[in-house]
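For reference, final27.pdb is printed below; it contains PDB, C-alpha atoms.
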```
ATOM      1  CA  MET A   1      32.280   3.041  19.153
ATOM      2  CA  VAL A   2      28.592   3.635  19.735
ATOM      3  CA  THR A   3      27.630   4.319  23.326
ATOM      4  CA  PRO A   4      24.262   3.137  24.697
ATOM      5  CA  ILE A   5      22.929   6.693  24.682
ATOM      6  CA  ASP A   6      23.926   7.097  21.021
ATOM      7  CA  ALA A   7      22.165   3.818  20.209
ATOM      8  CA  ILE A   8      19.002   5.009  21.941
ATOM      9  CA  ILE A   9      19.079   8.338  20.101
ATOM     10  CA  LEU A  10      19.646   6.577  16.765
ATOM     11  CA  SER A  11      16.789   4.157  17.369
ATOM     12  CA  TRP A  12      14.482   7.042  18.319
ATOM     13  CA  ARG A  13      15.535   8.898  15.181
ATOM     14  CA  GLU A  14      14.814   5.812  13.044
ATOM     15  CA  ALA A  15      11.418   5.365  14.749
ATOM     16  CA  GLY A  16      10.374   8.878  13.724
ATOM     17  CA  ILE A  17      10.457  10.600  17.094
ATOM     18  CA  PRO A  18      11.687  13.907  15.557
ATOM     19  CA  LEU A  19       8.632  13.889  13.281
ATOM     20  CA  LEU A  20       6.398  13.163  16.263
ATOM     21  CA  PHE A  21       7.911  16.079  18.180
ATOM     22  CA  LEU A  22       7.468  18.334  15.141
ATOM     23  CA  TRP A  23       3.809  17.311  14.928
ATOM     24  CA  MET A  24       3.193  17.864  18.651
ATOM     25  CA  LEU A  25       4.990  21.227  18.636
ATOM     26  CA  THR A  26       2.973  22.486  15.666
ATOM     27  CA  LEU A  27      -0.256  21.220  17.210
ATOM     28  CA  ALA A  28       0.464  22.931  20.520
ATOM     29  CA  ILE A  29       1.531  26.246  18.969
ATOM     30  CA  VAL A  30      -1.409  26.495  16.561
ATOM     31  CA  TYR A  31      -3.940  25.471  19.209
ATOM     32  CA  GLY A  32      -2.408  27.887  21.723
ATOM     33  CA  VAL A  33      -2.465  30.803  19.298
ATOM     34  CA  LEU A  34      -6.056  30.058  18.267
ATOM     35  CA  THR A  35      -7.104  29.805  21.909
ATOM     36  CA  HIS A  36      -5.293  33.037  22.785
ATOM     37  CA  VAL A  37      -6.922  35.090  20.033
ATOM     38  CA  LYS A  38     -10.231  33.198  20.452
ATOM     39  CA  LEU A  39     -10.563  33.057  16.679
ATOM     40  CA  PRO A  40     -13.150  30.247  16.378
ATOM     41  CA  ASN A  41     -15.589  30.186  19.270
ATOM     42  CA  SER A  42     -15.696  26.383  19.356
ATOM     43  CA  ASN A  43     -12.939  24.334  20.983
ATOM     44  CA  SER A  44     -13.694  21.567  18.498
ATOM     45  CA  ALA A  45     -13.012  23.886  15.567
ATOM     46  CA  ARG A  46      -9.736  25.006  17.149
ATOM     47  CA  GLY A  47      -8.719  21.393  17.635
ATOM     48  CA  VAL A  48      -9.523  20.437  14.055
ATOM     49  CA  ILE A  49      -7.648  23.447  12.668
ATOM     50  CA  ALA A  50      -4.629  22.674  14.869
ATOM     51  CA  ILE A  51      -4.608  18.975  13.921
ATOM     52  CA  VAL A  52      -4.866  19.734  10.207
ATOM     53  CA  ALA A  53      -2.096  22.337  10.400
ATOM     54  CA  ALA A  54       0.132  19.907  12.309
ATOM     55  CA  PHE A  55      -0.375  17.212   9.699
ATOM     56  CA  MET A  56       0.336  19.650   6.870
ATOM     57  CA  VAL A  57       3.674  20.494   8.489
ATOM     58  CA  LEU A  58       4.370  16.790   9.021
ATOM     59  CA  PHE A  59       3.580  15.945   5.402
ATOM     60  CA  ALA A  60       5.898  18.721   4.241
ATOM     61  CA  ALA A  61       8.711  17.379   6.438
ATOM     62  CA  ALA A  62       8.364  13.799   5.219
ATOM     63  CA  ALA A  63       7.418  14.593   1.639
ATOM     64  CA  THR A  64      10.234  12.681  -0.048
ATOM     65  CA  GLN A  65       9.258   9.265   1.305
ATOM     66  CA  ILE A  66       5.535   9.769   0.828
ATOM     67  CA  THR A  67       5.823  11.187  -2.680
ATOM     68  CA  ALA A  68       7.106   7.956  -4.194
ATOM     69  CA  PHE A  69       4.410   5.903  -2.457
ATOM     70  CA  LEU A  70       1.569   8.250  -3.448
ATOM     71  CA  SER A  71       2.779   8.655  -7.024
ATOM     72  CA  THR A  72       2.708   4.876  -7.493
ATOM     73  CA  ILE A  73      -0.817   4.668  -6.093
ATOM     74  CA  VAL A  74      -2.114   7.592  -8.178
ATOM     75  CA  THR A  75      -0.574   6.240 -11.377
ATOM     76  CA  SER A  76      -2.099   2.821 -10.751
ATOM     77  CA  PHE A  77      -5.509   4.294  -9.955
ATOM     78  CA  VAL A  78      -5.504   6.337 -13.154
ATOM     79  CA  ALA A  79      -4.558   3.326 -15.283
ATOM     80  CA  ILE A  80      -7.153   1.072 -13.624
ATOM     81  CA  ALA A  81      -9.869   3.753 -13.779
ATOM     82  CA  PHE A  82      -9.215   4.195 -17.494
ATOM     83  CA  GLY A  83      -9.499   0.440 -18.027
ATOM     84  CA  LEU A  84     -12.717   0.253 -15.974
ATOM     85  CA  LEU A  85     -14.222   3.125 -17.944
ATOM     86  CA  LEU A  86     -13.446   1.297 -21.177
ATOM     87  CA  ILE A  87     -15.114  -1.867 -19.851
ATOM     88  CA  ILE A  88     -18.186   0.115 -18.783
ATOM     89  CA  ILE A  89     -18.379   1.818 -22.170
ATOM     90  CA  PHE A  90     -18.139  -1.507 -24.002
ATOM     91  CA  LEU A  91     -20.805  -3.096 -21.770
ATOM     92  CA  GLU A  92     -23.130  -0.147 -22.345
ATOM     93  CA  MET A  93     -22.478  -0.217 -26.102
ATOM     94  CA  ALA A  94     -23.198  -3.931 -26.219
ATOM     95  CA  GLY A  95     -26.397  -3.373 -24.232
ATOM     96  CA  ALA A  96     -25.565  -6.016 -21.631
ATOM     97  CA  LYS A  97     -28.673  -6.414 -19.509
ATOM     98  CA  VAL A  98     -30.078  -8.908 -17.044
ATOM     99  CA  GLY A  99     -33.827  -8.825 -17.598
ATOM    100  CA  ASP A 100     -34.809  -5.158 -17.629
ATOM    101  CA  LYS A 101     -31.840  -3.983 -15.556
ATOM    102  CA  HIS A 102     -28.321  -3.092 -16.577
ATOM    103  CA  VAL A 103     -25.588  -5.497 -15.514
ATOM    104  CA  PHE A 104     -24.238  -3.116 -12.860
ATOM    105  CA  SER A 105     -27.606  -2.567 -11.172
ATOM    106  CA  ALA A 106     -28.480  -6.280 -11.344
ATOM    107  CA  HIS A 107     -25.250  -7.396  -9.619
ATOM    108  CA  PRO A 108     -24.040  -4.471  -7.438
ATOM    109  CA  ARG A 109     -22.273  -6.611  -4.822
ATOM    110  CA  PHE A 110     -20.312  -8.499  -7.452
ATOM    111  CA  PHE A 111     -19.001  -5.324  -9.076
ATOM    112  CA  ALA A 112     -18.334  -3.709  -5.687
ATOM    113  CA  GLY A 113     -16.283  -6.775  -4.725
ATOM    114  CA  ILE A 114     -14.310  -6.537  -7.941
ATOM    115  CA  LEU A 115     -13.613  -2.839  -7.331
ATOM    116  CA  LEU A 116     -12.524  -3.637  -3.767
ATOM    117  CA  LEU A 117     -10.123  -6.330  -4.999
ATOM    118  CA  ILE A 118      -8.708  -3.927  -7.584
ATOM    119  CA  GLY A 119      -8.167  -1.317  -4.846
ATOM    120  CA  VAL A 120      -6.372  -3.855  -2.648
ATOM    121  CA  ALA A 121      -4.237  -4.914  -5.609
ATOM    122  CA  ILE A 122      -3.284  -1.305  -6.333
ATOM    123  CA  PHE A 123      -2.310  -0.701  -2.700
ATOM    124  CA  ALA A 124      -0.359  -3.975  -2.611
ATOM    125  CA  GLY A 125       1.453  -2.983  -5.787
ATOM    126  CA  ALA A 126       2.298   0.441  -4.401
ATOM    127  CA  ALA A 127       3.524  -1.147  -1.181
ATOM    128  CA  GLN A 128       5.597  -3.580  -3.276
ATOM    129  CA  ILE A 129       4.207  -6.743  -1.711
ATOM    130  CA  THR A 130       6.288  -9.513  -3.252
ATOM    131  CA  GLY A 131       3.769 -12.354  -3.316
ATOM    132  CA  ILE A 132       0.182 -13.255  -2.608
ATOM    133  CA  PHE A 133       0.876 -15.060   0.673
ATOM    134  CA  ASN A 134       4.171 -13.366   1.460
ATOM    135  CA  PHE A 135       3.340 -10.148   3.283
ATOM    136  CA  ASN A 136       6.766  -8.582   2.999
ATOM    137  CA  PHE A 137       5.954  -4.871   3.043
ATOM    138  CA  SER A 138       8.674  -2.502   1.957
ATOM    139  CA  ILE A 139       6.997   0.630   3.268
ATOM    140  CA  SER A 140       9.422   2.964   4.996
ATOM    141  CA  ASP A 141       9.072   3.914   8.647
ATOM    142  CA  THR A 142       7.978   7.394   7.705
ATOM    143  CA  VAL A 143       5.078   6.151   5.582
ATOM    144  CA  THR A 144       4.031   3.758   8.351
ATOM    145  CA  GLY A 145       4.117   6.650  10.791
ATOM    146  CA  MET A 146       2.017   8.749   8.420
ATOM    147  CA  ILE A 147      -0.583   5.974   8.174
ATOM    148  CA  PHE A 148      -0.674   5.795  11.979
ATOM    149  CA  PHE A 149      -0.986   9.563  12.286
ATOM    150  CA  LEU A 150      -3.784   9.603   9.707
ATOM    151  CA  ALA A 151      -5.651   7.037  11.808
ATOM    152  CA  VAL A 152      -5.089   9.229  14.866
ATOM    153  CA  ILE A 153      -6.329  12.350  13.070
ATOM    154  CA  VAL A 154      -9.454  10.550  11.846
ATOM    155  CA  ALA A 155     -10.197   9.329  15.371
ATOM    156  CA  ALA A 156      -9.524  12.773  16.867
ATOM    157  CA  MET A 157     -11.673  14.560  14.315
ATOM    158  CA  TRP A 158     -14.463  12.033  14.870
ATOM    159  CA  ALA A 159     -14.274  12.612  18.613
ATOM    160  CA  LEU A 160     -14.230  16.395  18.167
ATOM    161  CA  MET A 161     -17.175  16.336  15.790
ATOM    162  CA  LYS A 162     -19.068  14.014  18.131
ATOM    163  CA  GLU A 163     -18.407  16.438  20.993
ATOM    164  CA  GLY A 164     -19.616  19.378  18.935
ATOM    165  CA  GLY A 165     -22.769  17.504  17.878
ATOM    166  CA  GLU A 166     -23.818  16.697  21.459
ATOM    167  CA  LYS A 167     -23.742  20.335  22.602
ATOM    168  CA  LYS A 168     -26.347  21.455  20.076
TER
END
```
Show me this structure written as structure tokens.
Amino acid sequence: MVTPIDAIILSWREAGIPLLFLWMLTLAIVYGVLTHVKLPNSNSARGVIAIVAAFMVLFAAAATQITAFLSTIVTSFVAIAFGLLLIIIFLEMAGAKVGDKHVFSAHPRFFAGILLLIGVAIFAGAAQITGIFNFNFSISDTVTGMIFFLAVIVAAMWALMKEGGEKK
């Protein structure tokens, strides 16, 4: 029989709390050591180094779930990039032009939109979305946590760089 405390611990474990604690512990230790030895003079640089080190440890801990997701995305990107290169080569060989301009320079928004749709399709395929209007993601909790942590690291690095830029 599962007690309420066991249920809470299991739900925290499924939510990725051990990974969060690992990230926070690594961040605190690396930042503390860098501050103690005063290795970089800037607090912003110490923060960035500590955040990057913490995420490297986190990626190593959750590598099995992320590897399958990233390998699907990389394989899809390589296949699509090869196909796009072939299309570009054929358009250049055919001399497709609009007036004096090449097709790509005459319609940059159109081709950028196509590339954006291809990128979304690759991500949707890697996330195993089952239909166009059915947003049934099968991304594991660990990958979702990694995406959240990446957003946090981008925001933190932006804030640290903004802080460093104002002091100059």
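Residues with any atom within 9 Å of stretch 55-59 of chain A, counting only C-alpha atoms and excluding same-chain neighbours fewer than 3 positions away, are Leu19, Leu20, Leu22, Trp23, Thr26, Leu27, Ala50, Ile51, Val52, Ala62, Ala63, Ile66, Met146, Phe149, Leu150 and Ile153 of chain A.
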Practice task
Enumerate, as a ChimeraX atom specification, the residues matched when the PyMOL selection byres ((chain A and resi 47) around 12) is run on the file above.
Solution key: /A:26-35,39-46,48-54,153,156-161,163-164
Fill in the blank from the handout: Shortest contact to A:Ala61, candidates A:Pro18, A:Ala112, A:Gly119, A:Met93, atoms counted all atoms listed in the file, goes to A:Pro18
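The point (-7.9, 1.6, -12.5) has these residues within 12 Å of it when all atoms listed in the file are used: Ile73, Val74, Thr75, Ser76, Phe77, Val78, Ala79, Ile80, Ala81, Phe82, Gly83, Leu84, Leu85, Leu86, Ile87, Ile114, Leu115, Leu116, Leu117, Ile118, Gly119, Val120, Ala121, Ile122 and Phe123 of chain A.
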Handout entry: Interatomic distance (Å, one decimal) between atom CA of A:Glu14 and atom CA of A:Gly145
Key =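 Pair atom CA of A:Glu14 / atom CA of A:Gly145 returns 11.0 Å.
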Exercise for the section: Please measure the separation of atom CA of A:Ala68 and atom CA of A:Ala155, giving the value in Å to one decimal. Expected result: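 For atom CA of A:Ala68 relative to atom CA of A:Ala155, the distance reads 26.2 Å.
What separates atom CA of A:Ala60 from atom CA of A:Ile9 is a distance of 23.1 Å.
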Could you work out an axis-aligned bounding box for all listed atoms of stretch 46-55 of chain A, with 3 Å added on each of the six sides, and give its centre and edge lengths in Å to one decimal, as JSON?
```
{"center_x": -4.8, "center_y": 21.1, "center_z": 13.7, "size_x": 15.9, "size_y": 13.8, "size_z": 13.9}
```
